[in-house]
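Peer 1: Below you'll find work.cif; it's mmCIF, C-alpha atoms.
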```
data_model
loop_
_atom_site.label_atom_id
_atom_site.label_comp_id
_atom_site.auth_asym_id
_atom_site.auth_seq_id
_atom_site.Cartn_x
_atom_site.Cartn_y
_atom_site.Cartn_z
CA MET A 1 -26.87 -236.96 17.17
CA ARG A 2 -29.15 -234.41 18.71
CA ARG A 3 -26.15 -232.33 19.66
CA LEU A 4 -24.79 -232.37 16.10
CA LEU A 5 -28.15 -231.35 14.69
CA LEU A 6 -28.39 -228.52 17.18
CA LEU A 7 -24.91 -227.35 16.26
CA ILE A 8 -25.74 -227.36 12.55
CA ALA A 9 -28.98 -225.51 13.23
CA THR A 10 -27.09 -222.98 15.34
CA PHE A 11 -24.67 -222.28 12.50
CA ALA A 12 -27.45 -222.05 9.95
CA VAL A 13 -29.45 -219.60 12.04
CA ALA A 14 -26.30 -217.57 12.80
CA LEU A 15 -25.48 -217.34 9.11
CA LEU A 16 -29.00 -216.25 8.28
CA LEU A 17 -29.08 -213.67 11.08
CA GLY A 18 -25.58 -212.35 10.35
CA ILE A 19 -26.00 -211.98 6.61
CA GLY A 20 -29.63 -210.88 6.88
CA SER A 21 -28.92 -208.12 9.37
CA ALA A 22 -25.86 -206.98 7.39
CA TRP A 23 -27.90 -206.91 4.17
CA TYR A 24 -30.69 -204.95 5.80
CA MET A 25 -28.41 -202.37 7.40
CA ILE A 26 -26.45 -201.90 4.16
CA GLU A 27 -29.35 -201.89 1.75
CA ARG A 28 -32.07 -200.13 3.71
CA GLY A 29 -30.13 -198.33 6.43
CA THR A 30 -30.88 -197.68 10.09
CA PRO A 31 -31.16 -194.49 12.13
CA LEU A 32 -27.38 -194.75 12.59
CA THR A 33 -26.73 -194.15 8.90
CA THR A 34 -29.87 -192.73 7.37
CA ASN A 35 -32.15 -189.86 8.04
CA ARG A 36 -35.81 -190.68 7.38
CA VAL A 37 -38.51 -188.11 6.81
CA GLY A 38 -41.85 -189.56 5.74
CA PRO A 39 -41.16 -191.57 2.59
CA TRP A 40 -37.72 -190.03 2.11
CA ALA A 41 -34.45 -191.55 3.23
CA SER A 42 -31.04 -189.95 3.03
CA TRP A 43 -27.65 -191.55 3.74
CA MET A 44 -26.04 -188.91 5.91
CA SER A 45 -22.36 -189.63 5.29
CA GLU A 46 -22.28 -191.19 1.82
CA GLY A 47 -19.21 -190.07 -0.11
CA ASN A 48 -17.57 -188.87 3.09
CA PRO A 49 -14.03 -190.27 3.53
CA ASN A 50 -14.80 -190.79 7.23
CA ALA A 51 -18.06 -192.63 6.65
CA ASP A 52 -19.01 -195.65 8.75
CA PRO A 53 -18.57 -199.18 7.28
CA TYR A 54 -22.31 -199.56 6.57
CA THR A 55 -22.39 -196.41 4.47
CA LYS A 56 -19.20 -197.43 2.64
CA ALA A 57 -20.64 -200.86 1.88
CA HIS A 58 -23.91 -199.29 0.73
CA LEU A 59 -22.05 -196.95 -1.59
CA ALA A 60 -19.89 -199.72 -3.09
CA ARG A 61 -22.99 -201.82 -3.78
CA SER A 62 -24.98 -198.93 -5.19
CA GLY A 63 -22.40 -198.10 -7.89
CA ARG A 64 -23.10 -194.41 -7.37
CA LEU A 65 -20.57 -191.61 -6.86
CA PRO A 66 -22.39 -189.13 -4.63
CA LEU A 67 -21.25 -185.75 -3.37
CA THR A 68 -20.86 -185.36 0.38
CA SER A 69 -23.64 -183.82 2.44
CA THR A 70 -21.79 -180.51 2.68
CA THR A 71 -22.23 -179.99 -1.08
CA ALA A 72 -25.41 -181.87 -1.90
CA ARG A 73 -28.16 -183.87 -0.28
CA TYR A 74 -29.81 -186.92 -1.83
CA PHE A 75 -33.21 -188.24 -0.74
CA PHE A 76 -34.75 -191.51 -1.95
CA ALA A 77 -38.38 -192.56 -1.81
CA ARG A 78 -39.52 -196.11 -2.51
CA THR A 79 -42.96 -195.56 -0.98
CA ASP A 80 -45.66 -192.92 -0.93
CA SER A 81 -46.31 -190.83 2.18
CA GLU A 82 -48.61 -193.60 3.49
CA GLY A 83 -45.79 -196.12 3.31
CA ASP A 84 -47.11 -198.12 0.32
CA GLU A 85 -44.59 -199.06 -2.36
CA LEU A 86 -44.40 -196.80 -5.38
CA THR A 87 -45.57 -198.68 -8.46
CA SER A 88 -46.21 -197.84 -12.08
CA ALA A 89 -49.70 -199.31 -11.62
CA CYS A 90 -50.72 -196.25 -9.60
CA GLU A 91 -50.82 -192.54 -10.13
CA TYR A 92 -49.28 -190.14 -7.63
CA SER A 93 -49.29 -186.48 -6.87
CA ILE A 94 -46.01 -185.07 -5.57
CA GLU A 95 -46.61 -181.82 -3.68
CA GLY A 96 -43.49 -179.85 -2.89
CA SER A 97 -42.53 -176.46 -1.57
CA ALA A 98 -39.62 -174.14 -2.27
CA LEU A 99 -36.19 -175.47 -1.33
CA ASP A 100 -33.45 -173.11 -0.24
CA ALA A 101 -30.73 -174.42 -2.52
CA ARG A 102 -28.79 -173.54 -5.62
CA TRP A 103 -30.44 -176.28 -7.71
CA TRP A 104 -32.64 -179.31 -7.15
CA SER A 105 -34.08 -182.11 -9.23
CA ILE A 106 -36.64 -184.90 -8.75
CA ALA A 107 -35.98 -187.92 -10.97
CA LEU A 108 -37.79 -191.22 -11.43
CA TYR A 109 -36.07 -194.60 -11.76
CA ASP A 110 -36.92 -198.29 -11.95
CA ALA A 111 -35.62 -200.71 -9.32
CA HIS A 112 -32.24 -200.94 -11.10
CA GLY A 113 -31.68 -197.18 -11.08
CA SER A 114 -32.40 -196.66 -14.80
CA VAL A 115 -34.66 -193.93 -16.05
CA ILE A 116 -38.01 -195.06 -17.45
CA GLU A 117 -38.72 -195.04 -21.16
CA ASN A 118 -41.42 -192.64 -22.32
CA PRO A 119 -42.22 -190.86 -25.58
CA SER A 120 -41.57 -187.35 -24.25
CA GLN A 121 -38.17 -188.36 -22.83
CA ARG A 122 -39.08 -186.73 -19.57
CA TYR A 123 -37.17 -188.32 -16.71
CA SER A 124 -37.04 -185.57 -14.12
CA PHE A 125 -38.07 -182.08 -13.11
CA ASN A 126 -35.59 -179.60 -11.71
CA SER A 127 -35.78 -176.26 -9.97
CA GLU A 128 -35.56 -174.39 -13.27
CA GLU A 129 -38.04 -176.48 -15.23
CA ALA A 130 -40.86 -177.31 -12.85
CA ILE A 131 -43.90 -175.08 -13.22
CA ARG A 132 -44.26 -173.45 -9.84
CA ARG A 133 -46.97 -171.37 -8.22
CA SER A 134 -46.16 -167.87 -7.04
CA ASP A 135 -45.39 -169.10 -3.52
CA GLY A 136 -42.78 -171.51 -4.83
CA THR A 137 -44.86 -174.65 -4.32
CA TYR A 138 -45.31 -177.10 -7.15
CA ARG A 139 -47.10 -180.30 -8.05
CA ILE A 140 -45.63 -183.11 -10.11
CA SER A 141 -48.00 -185.78 -11.40
CA LEU A 142 -46.43 -189.21 -11.56
CA ALA A 143 -48.59 -191.13 -14.02
CA SER A 144 -48.35 -193.37 -17.06
CA HIS A 145 -50.65 -191.08 -19.10
CA ALA A 146 -50.25 -187.39 -19.79
CA ARG A 147 -51.29 -184.99 -17.02
CA PRO A 148 -51.40 -181.20 -16.94
CA GLU A 149 -48.72 -179.10 -15.19
CA ASN A 150 -45.63 -181.16 -14.44
CA TRP A 151 -46.05 -184.69 -15.80
CA LEU A 152 -43.43 -187.24 -14.82
CA PRO A 153 -44.24 -190.33 -16.93
CA SER A 154 -44.06 -193.69 -15.16
CA GLY A 155 -43.85 -195.65 -18.38
CA SER A 156 -46.01 -198.23 -20.10
CA LYS A 157 -44.96 -201.28 -18.06
CA MET A 158 -48.01 -202.44 -16.18
CA GLU A 159 -46.55 -202.92 -12.76
CA GLN A 160 -43.01 -202.21 -11.76
CA PRO A 161 -41.61 -200.74 -8.55
CA LEU A 162 -40.48 -197.12 -8.81
CA VAL A 163 -37.89 -195.06 -6.97
CA LEU A 164 -37.87 -191.29 -6.74
CA MET A 165 -34.70 -189.39 -6.04
CA LEU A 166 -34.58 -185.78 -4.94
CA ARG A 167 -31.09 -184.32 -5.28
CA ILE A 168 -30.40 -180.91 -3.81
CA TYR A 169 -27.18 -179.19 -4.88
CA GLY A 170 -25.82 -176.39 -2.72
CA PRO A 171 -28.33 -176.30 0.16
CA ARG A 172 -28.02 -172.84 1.73
CA GLU A 173 -28.98 -173.81 5.28
CA THR A 174 -26.22 -175.71 7.03
CA ASP A 175 -25.51 -176.98 10.51
CA THR A 176 -22.29 -176.12 12.37
CA SER A 177 -20.31 -178.81 10.53
CA GLY A 178 -21.43 -177.50 7.16
CA ILE A 179 -23.92 -180.28 6.39
CA GLY A 180 -26.81 -179.04 4.27
CA GLN A 181 -30.06 -178.98 6.22
CA ILE A 182 -33.44 -179.47 4.60
CA PRO A 183 -36.33 -178.76 6.98
CA ASP A 184 -38.63 -181.81 7.19
CA ASP A 185 -41.70 -179.96 5.99
CA ARG A 186 -39.89 -178.89 2.80
CA LEU A 187 -39.60 -182.44 1.46
CA PRO A 188 -42.39 -183.25 -0.99
CA LYS A 189 -45.47 -185.25 0.01
CA ILE A 190 -46.23 -188.21 -2.23
CA GLU A 191 -49.94 -188.92 -2.38
CA ARG A 192 -51.40 -191.93 -4.15
CA LYS A 193 -54.30 -191.05 -6.42
CA ALA A 194 -55.73 -193.86 -8.52
CA CYS A 195 -54.55 -197.34 -9.31
CA SER A 196 -55.27 -199.33 -12.44
CA MET B 1 -44.21 -230.67 20.97
CA GLN B 2 -42.01 -228.36 22.91
CA LEU B 3 -38.51 -227.80 21.61
CA ARG B 4 -36.02 -226.78 24.26
CA VAL B 5 -32.81 -225.28 23.01
CA PRO B 6 -30.05 -224.96 25.61
CA ILE B 7 -29.17 -221.36 26.33
CA LEU B 8 -25.57 -222.10 25.33
CA TYR B 9 -26.62 -222.69 21.73
CA VAL B 10 -28.58 -219.48 21.64
CA LEU B 11 -25.58 -217.55 22.88
CA LEU B 12 -23.28 -219.28 20.41
CA CYS B 13 -25.71 -218.46 17.64
CA LEU B 14 -25.81 -214.77 18.56
CA VAL B 15 -22.03 -214.45 18.84
CA LEU B 16 -21.57 -216.21 15.50
CA ALA B 17 -24.23 -214.06 13.87
CA GLY B 18 -22.44 -210.97 15.15
CA LEU B 19 -19.10 -212.10 13.75
CA ILE B 20 -20.62 -212.99 10.37
CA HIS B 21 -22.39 -209.62 10.32
CA ILE B 22 -19.15 -207.71 10.95
CA ALA B 23 -17.20 -209.78 8.42
CA ALA B 24 -19.87 -209.23 5.78
CA VAL B 25 -20.03 -205.46 6.31
CA LEU B 26 -16.27 -205.00 6.29
CA THR B 27 -15.50 -207.18 3.26
CA LEU B 28 -18.35 -205.98 1.08
CA PRO B 29 -16.79 -202.74 -0.22
CA ALA B 30 -13.76 -204.69 -1.45
CA LEU B 31 -15.89 -207.41 -3.00
CA ALA B 32 -18.56 -205.28 -4.67
CA PRO B 33 -17.93 -205.99 -8.37
CA LYS B 34 -19.87 -203.08 -9.79
CA ASP B 35 -18.90 -200.06 -7.75
CA ALA B 36 -18.64 -196.71 -9.52
CA TRP B 37 -14.91 -197.11 -10.24
CA ALA B 38 -15.46 -200.49 -11.93
CA ARG B 39 -18.18 -198.89 -14.05
CA LEU B 40 -15.98 -195.98 -15.16
CA VAL B 41 -12.84 -197.97 -16.05
CA PRO B 42 -14.26 -199.50 -19.29
CA LEU B 43 -15.26 -196.06 -20.60
CA GLY B 44 -11.72 -194.99 -21.43
CA PRO B 45 -8.07 -194.50 -20.49
CA VAL B 46 -6.65 -192.60 -17.52
CA ASN B 47 -5.69 -188.90 -17.56
CA THR B 48 -8.29 -188.08 -20.21
CA MET B 49 -11.54 -186.20 -19.87
CA ILE B 50 -14.43 -188.45 -20.90
CA GLN B 51 -18.11 -187.53 -21.11
CA ILE B 52 -20.59 -189.98 -19.68
CA PRO B 53 -23.52 -190.45 -22.09
CA PRO B 54 -26.67 -188.91 -20.57
CA ALA B 55 -28.98 -191.22 -18.62
CA SER B 56 -31.29 -193.12 -20.93
CA PRO B 57 -33.69 -196.05 -20.50
CA ASP B 58 -31.58 -198.64 -22.28
CA GLN B 59 -28.27 -198.00 -20.60
CA GLU B 60 -27.22 -197.77 -17.04
CA ILE B 61 -23.59 -196.74 -16.74
CA ILE B 62 -23.91 -195.37 -13.23
CA PRO B 63 -27.22 -196.19 -11.52
CA MET B 64 -29.41 -193.22 -10.62
CA MET B 65 -27.44 -190.72 -12.67
CA ALA B 66 -29.30 -187.44 -12.85
CA PRO B 67 -31.04 -187.28 -16.24
CA ASP B 68 -30.75 -183.50 -16.10
CA VAL B 69 -27.05 -183.31 -15.31
CA ARG B 70 -24.31 -183.82 -17.88
CA TYR B 71 -21.26 -185.57 -16.47
CA ALA B 72 -17.63 -185.74 -17.53
CA PHE B 73 -14.91 -187.52 -15.63
CA CYS B 74 -11.17 -187.93 -15.64
CA ARG B 75 -9.63 -190.97 -14.02
CA PHE B 76 -6.27 -189.71 -12.87
CA ASP B 77 -3.18 -191.78 -12.23
CA LEU B 78 -0.42 -189.86 -10.46
CA ALA B 79 2.27 -192.52 -10.93
CA GLU B 80 4.01 -190.45 -13.63
CA GLY B 81 3.52 -187.14 -11.86
CA PRO B 82 0.74 -184.62 -11.19
CA VAL B 83 -2.27 -184.27 -13.46
CA ARG B 84 -3.77 -180.98 -14.57
CA LEU B 85 -7.45 -180.26 -15.08
CA LYS B 86 -8.67 -177.19 -16.90
CA ALA B 87 -12.21 -176.04 -17.48
CA ALA B 88 -14.03 -172.91 -18.49
CA VAL B 89 -16.90 -172.95 -16.03
CA PRO B 90 -19.93 -171.32 -17.67
CA ASN B 91 -22.13 -170.97 -14.59
CA ASP B 92 -22.12 -171.32 -10.83
CA LEU B 93 -24.06 -174.59 -10.90
CA TRP B 94 -21.08 -176.63 -12.04
CA LEU B 95 -19.50 -178.95 -9.50
CA ILE B 96 -16.01 -180.39 -9.83
CA SER B 97 -15.41 -183.13 -7.30
CA PHE B 98 -12.61 -185.56 -6.59
CA TYR B 99 -12.93 -189.15 -5.43
CA THR B 100 -10.68 -192.02 -4.43
CA PRO B 101 -11.33 -195.31 -6.27
CA ARG B 102 -13.46 -196.32 -3.26
CA GLY B 103 -15.77 -193.35 -3.80
CA ASP B 104 -14.50 -191.08 -1.02
CA ASN B 105 -15.28 -187.53 -2.12
CA PHE B 106 -12.17 -185.81 -0.73
CA TYR B 107 -12.50 -182.44 -2.42
CA THR B 108 -15.16 -180.43 -4.25
CA VAL B 109 -15.12 -177.02 -5.83
CA THR B 110 -18.34 -175.42 -7.02
CA GLY B 111 -18.81 -172.85 -9.74
CA ALA B 112 -20.17 -170.50 -7.09
CA ASP B 113 -16.98 -170.78 -5.01
CA MET B 114 -14.82 -169.66 -7.88
CA ARG B 115 -13.83 -166.06 -8.42
CA ARG B 116 -12.99 -166.60 -12.07
CA ALA B 117 -14.57 -168.66 -14.82
CA GLN B 118 -11.31 -170.34 -15.76
CA LEU B 119 -10.65 -173.30 -13.50
CA ASP B 120 -7.07 -174.53 -13.37
CA LEU B 121 -6.36 -177.42 -11.03
CA ILE B 122 -3.32 -179.57 -10.44
CA ILE B 123 -3.90 -182.91 -8.77
CA ALA B 124 -0.86 -184.22 -6.92
CA LYS B 125 0.05 -186.60 -4.14
CA ALA B 126 1.31 -185.05 -0.90
CA ASP B 127 4.89 -186.07 -1.75
CA GLN B 128 4.82 -184.69 -5.28
CA PRO B 129 6.09 -181.11 -5.48
CA VAL B 130 4.23 -179.12 -8.09
CA ALA B 131 6.67 -177.13 -10.15
CA GLU B 132 5.65 -173.58 -10.82
CA ALA B 133 7.54 -173.69 -14.10
CA GLY B 134 4.73 -175.69 -15.63
CA VAL B 135 2.36 -172.80 -15.06
CA ASP B 136 2.15 -170.46 -18.02
CA ALA B 137 2.99 -167.10 -16.43
CA PRO B 138 3.86 -165.97 -12.90
CA GLU B 139 0.62 -164.05 -12.34
CA GLU B 140 -1.32 -167.06 -13.59
CA ALA B 141 0.25 -169.18 -10.87
CA ASP B 142 -1.87 -167.49 -8.22
CA HIS B 143 -4.96 -168.97 -9.75
CA VAL B 144 -3.77 -172.53 -9.95
CA VAL B 145 -5.32 -174.65 -7.26
CA VAL B 146 -3.37 -177.66 -6.09
CA VAL B 147 -5.53 -180.55 -4.94
CA THR B 148 -3.74 -183.10 -2.80
CA SER B 149 -4.94 -186.59 -3.54
CA PRO B 150 -4.79 -189.15 -0.72
CA ALA B 151 -4.38 -191.96 -3.26
CA GLN B 152 -2.33 -192.48 -6.39
CA GLU B 153 -5.42 -193.06 -8.46
CA GLY B 154 -8.77 -191.41 -8.33
CA VAL B 155 -11.43 -189.76 -10.40
CA ALA B 156 -12.44 -186.16 -10.97
CA VAL B 157 -16.08 -185.67 -11.91
CA ILE B 158 -17.57 -182.54 -13.44
CA ARG B 159 -21.31 -182.14 -13.02
CA ALA B 160 -23.08 -179.68 -15.29
CA PRO B 161 -26.74 -179.34 -14.27
CA VAL B 162 -29.03 -178.37 -17.14
CA SER B 163 -32.55 -177.09 -17.16
CA GLY B 164 -33.98 -178.36 -20.43
CA PRO B 165 -33.12 -180.28 -23.58
CA SER B 166 -32.06 -177.13 -25.41
CA ARG B 167 -29.52 -176.28 -22.77
CA ALA B 168 -28.22 -179.83 -22.58
CA ALA B 169 -26.38 -179.39 -25.86
CA ARG B 170 -24.71 -176.27 -24.50
CA ALA B 171 -23.61 -178.10 -21.35
CA GLU B 172 -22.19 -180.92 -23.47
CA GLU B 173 -20.28 -178.38 -25.58
CA ALA B 174 -18.85 -176.76 -22.46
CA LEU B 175 -17.81 -180.14 -21.08
CA LYS B 176 -16.12 -180.97 -24.35
CA ALA B 177 -13.90 -177.92 -23.86
CA THR B 178 -12.57 -179.18 -20.53
CA SER B 179 -9.27 -181.00 -20.41
CA CYS B 180 -7.36 -183.35 -18.21
CA GLY B 181 -3.81 -184.60 -18.74
CA PRO B 182 -0.33 -185.00 -17.31
CA HIS B 183 1.10 -181.82 -15.83
CA PRO B 184 4.56 -181.10 -17.26
CA ASN B 185 6.60 -181.21 -14.14
CA THR B 186 10.05 -179.83 -14.85
CA PRO B 187 11.91 -179.50 -11.55
CA ALA B 188 15.11 -178.35 -13.36
CA ASP B 189 13.46 -175.03 -14.18
CA VAL B 190 12.12 -174.40 -10.72
CA GLY B 191 15.46 -173.17 -9.34
CA ASN B 192 14.79 -169.51 -8.55
CA SER B 193 11.04 -169.36 -8.80
CA GLY B 194 10.55 -169.88 -5.07
CA PRO B 195 8.23 -172.27 -3.35
CA PRO B 196 5.26 -173.59 -5.31
CA THR B 197 2.08 -171.66 -4.83
CA GLU B 198 -0.36 -173.89 -3.10
CA ALA B 199 -3.92 -172.96 -2.53
CA PRO B 200 -5.24 -174.71 0.56
CA ALA B 201 -7.35 -177.73 -0.28
CA ALA B 202 -10.12 -176.32 1.84
CA ALA B 203 -13.12 -178.32 2.90
CA PRO B 204 -15.86 -178.20 0.31
CA ASN B 205 -18.77 -176.00 1.10
#
```
Would you write out, as structure tokens, the structure that this file holds?
Peer 2:
Amino acid sequence: MRRLLLLIATFAVALLLGIGSAWYMIERGTPLTTNRVGPWASWMSEGNPNADPYTKAHLARSGRLPLTSTTARYFFARTDSEGDELTSACEYSIEGSALDARWWSIALYDAHGSVIENPSQRYSFNSEEAIRRSDGTYRISLASHARPENWLPSGSKMEQPLVLMLRIYGPRETDTSGIGQIPDDRLPKIERKACS
Amino acid sequence: MQLRVPILYVLLCLVLAGLIHIAAVLTLPALAPKDAWARLVPLGPVNTMIQIPPASPDQEIIPMMAPDVRYAFCRFDLAEGPVRLKAAVPNDLWLISFYTPRGDNFYTVTGADMRRAQLDLIIAKADQPVAEAGVDAPEEADHVVVVTSPAQEGVAVIRAPVSGPSRAARAEEALKATSCGPHPNTPADVGNSGPPTEAPAAAPN
């Protein structure tokens, strides 16, 4: 009896561990597949025909059709620079500096990857729209109510998780294999301001 | 109460967990019901250029689409022969990329890579000769790029980044002028026109 119970428990735990670890490595990524800089994470080989099985599984689940890292780089943030989850209940200041690329864009999504409804139909800021200072730096205010400079509205829903995506097309700095390189200090800082 | 689990069970558990992990990771891409290909199929037939409606709050065709990029795609099926894609590329921000149904981005050409605004591409499988006769004039042939597809089906995606609502309409107009359709492959006429001109399907950069 005891042996049977132990066997069942062994299978149950194995199932949990196996599926759980697979889910985590596919959904969130590990240093093997993703490059993490502060709040930003980037799947290094997404879209690449020679990608590892974790990246391929991640891509299939995501429903996206990304360009490979030699053409574009994608960075996701689900948290602020302190590591706290991004939520529409709080206001954030995104401080960025110039990126050496042909074009870039920061867009805001809900947890399902849809843009967030707002009266000004503003869902993103790109390299040609964002108001920048003379040194190329910029600030985007992520808030539910209007803010000066670049206002990225986080919608009227009281509390929903948010995801930011920075896409960089045609990065000019590349490594020897042609992969676009974005220096760590160039990625924007996401600072939480006030929460309601 | 102290629970003592024999080491054998712990080992068995770890080995099983490992096997389940590997099985889950390897089968997931085939089982994912809503990958990008499955999302594009309902939008229209093959070998036709179709614009994806811009990202908006109430619809989610492809998750995390760029709200400031206009997209058009052509699902190509090479069963009946090569497929030709033509576009007048208005600026060097445009990206034309090719994917297998699994989402492998096997080729990309950017507006900045191109020496001329008129993009003329023929998508073919490695075993499909591309007849030069289908190309309008001999000097034109030099500018036709042949993209070799590793699979019979796939999708070509054109990305047109925009920088404001006023320019979005212009990008949509430009995308409307692109075309995708079967390439008239007439081997009977090839006879004395020499080997097909093939531009190398170079790595994207």
Peer 1: Return as a PyMOL selection string the set of residues that the PyMOL selection byres ((chain B) within 7 of (chain A)) yields on the displayed structure.
Peer 2: chain B and resi 9+13-14+16-18+20-21+24-26+28-29+32+34-36+55-57+60+62-64+66-68+103-106+163-164+204-205
Peer 1: Calculated over only C-alpha atoms, which of the candidates B:Arg159, B:Lys125, B:Arg116, B:Lys86 has the smallest distance to Cys180 (chain B)?
Peer 2: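 Selected residue with least distance to Cys180 (chain B): B:Lys86.
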Peer 1: Name the residues captured by the PyMOL selection byres ((chain A and resi 43) around 10) when it is applied to the shown file; answer as a ChimeraX atom specification.
Peer 2: /A:28-36,41-42,44-47,55,58-59,68-69,73-76
Peer 1: Just to confirm, what's the straight-line distance from CA of Asp100 (chain A) to CA of Asp185 (chain A) in Å (one decimal)?
Peer 2: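 So the answer is 12.4 Å.
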Peer 1: Determine, counting all atoms listed in the file, which protein, DNA and RNA residues have an atom within 12 Å of an atom of Gln51 (chain B); residues of the same chain fewer than 6 positions away are not included. Present the result as a list in words.
Peer 2: Leu40, Leu43, Gly44, Ile61, Val69, Arg70, Tyr71, Ala72, Phe73, Cys74, Arg75, Ala156, Val157, Ile158, Arg159, Ala160, Ala171, Glu172, Glu173, Ala174, Leu175, Lys176, Ala177, Thr178, Ser179 and Cys180 of chain B
Peer 1: At a cut-off of 12 Å, using all atoms listed in the file, what residues contact Arg133 (chain A)? Leave out same-chain residues fewer than 6 positions from it and give the result as an MDAnalysis selection string.
Peer 2: chainID A and resid 95:98 139:140 149:150
Peer 1: What's the separation between CA of Gly38 (chain A) and CA of Thr79 (chain A), in Å to one decimal place?
Peer 2: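 Spanning CA of Gly38 (chain A) to CA of Thr79 (chain A) is a straight-line distance of 9.1 Å.
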Peer 1: So what does the PyMOL selection byres ((chain B and resi 121) around 8) actually pick up in this one, as a list in words?
Peer 2: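 Going through the file, the PyMOL selection byres ((chain B and resi 121) around 8) ends up selecting Arg84, Leu85, Lys86, Leu119, Asp120, Ile122, Ile123, Val144, Val145, Val146 and Val147 of chain B.
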Peer 1: Could you work out how far CA of Glu27 (chain A) lies from CA of Glu159 (chain A), giving the answer in Å with one decimal?
Peer 2: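 Interatomic distance here is 22.5 Å.
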Peer 1: Find the residue from B:Val130, B:Val46, B:Val15, B:Val155 that sits nearest to Ser97 (chain B); use only C-alpha atoms when measuring.
Peer 2: B:Val155
Peer 1: Generate N, CA and C atoms for region 160-177 of chain A and emit them as a compact mmCIF listing (two decimals), keeping the file's coordinate frame.
Peer 2:
```txt
# COMPACT_ATOMS: atom_id res chain seq x y z
N GLN A 160 -44.39 -202.07 -12.21
CA GLN A 160 -43.01 -202.21 -11.76
C GLN A 160 -42.76 -201.25 -10.61
N PRO A 161 -41.90 -201.63 -9.67
CA PRO A 161 -41.61 -200.74 -8.55
C PRO A 161 -40.86 -199.50 -9.04
N LEU A 162 -41.11 -198.39 -8.41
CA LEU A 162 -40.48 -197.12 -8.81
C LEU A 162 -39.69 -196.54 -7.65
N VAL A 163 -38.68 -195.76 -7.98
CA VAL A 163 -37.89 -195.06 -6.97
C VAL A 163 -37.78 -193.60 -7.40
N LEU A 164 -38.05 -192.72 -6.46
CA LEU A 164 -37.87 -191.29 -6.74
C LEU A 164 -36.59 -190.84 -6.05
N MET A 165 -35.86 -189.96 -6.71
CA MET A 165 -34.70 -189.39 -6.04
C MET A 165 -34.74 -187.88 -6.16
N LEU A 166 -34.65 -187.25 -5.00
CA LEU A 166 -34.58 -185.78 -4.94
C LEU A 166 -33.13 -185.44 -4.62
N ARG A 167 -32.47 -184.76 -5.55
CA ARG A 167 -31.09 -184.32 -5.28
C ARG A 167 -31.10 -182.81 -5.15
N ILE A 168 -30.43 -182.35 -4.12
CA ILE A 168 -30.40 -180.91 -3.81
C ILE A 168 -28.95 -180.47 -3.80
N TYR A 169 -28.56 -179.68 -4.79
CA TYR A 169 -27.18 -179.19 -4.88
C TYR A 169 -27.10 -177.83 -4.17
N GLY A 170 -26.08 -177.68 -3.37
CA GLY A 170 -25.82 -176.39 -2.72
C GLY A 170 -26.92 -175.92 -1.79
N PRO A 171 -27.34 -176.77 -0.81
CA PRO A 171 -28.33 -176.30 0.16
C PRO A 171 -27.75 -175.11 0.93
N ARG A 172 -28.58 -174.07 1.12
CA ARG A 172 -28.02 -172.84 1.73
C ARG A 172 -28.04 -172.88 3.24
N GLU A 173 -28.95 -173.69 3.82
CA GLU A 173 -28.98 -173.81 5.28
C GLU A 173 -28.05 -174.93 5.68
N THR A 174 -27.14 -174.64 6.60
CA THR A 174 -26.22 -175.71 7.03
C THR A 174 -26.15 -175.75 8.54
N ASP A 175 -25.75 -176.91 9.07
CA ASP A 175 -25.51 -176.98 10.51
C ASP A 175 -24.05 -176.55 10.78
N THR A 176 -23.61 -176.65 12.02
CA THR A 176 -22.29 -176.12 12.37
C THR A 176 -21.16 -176.85 11.64
N SER A 177 -21.38 -178.11 11.24
CA SER A 177 -20.31 -178.81 10.53
C SER A 177 -20.45 -178.67 9.02
```
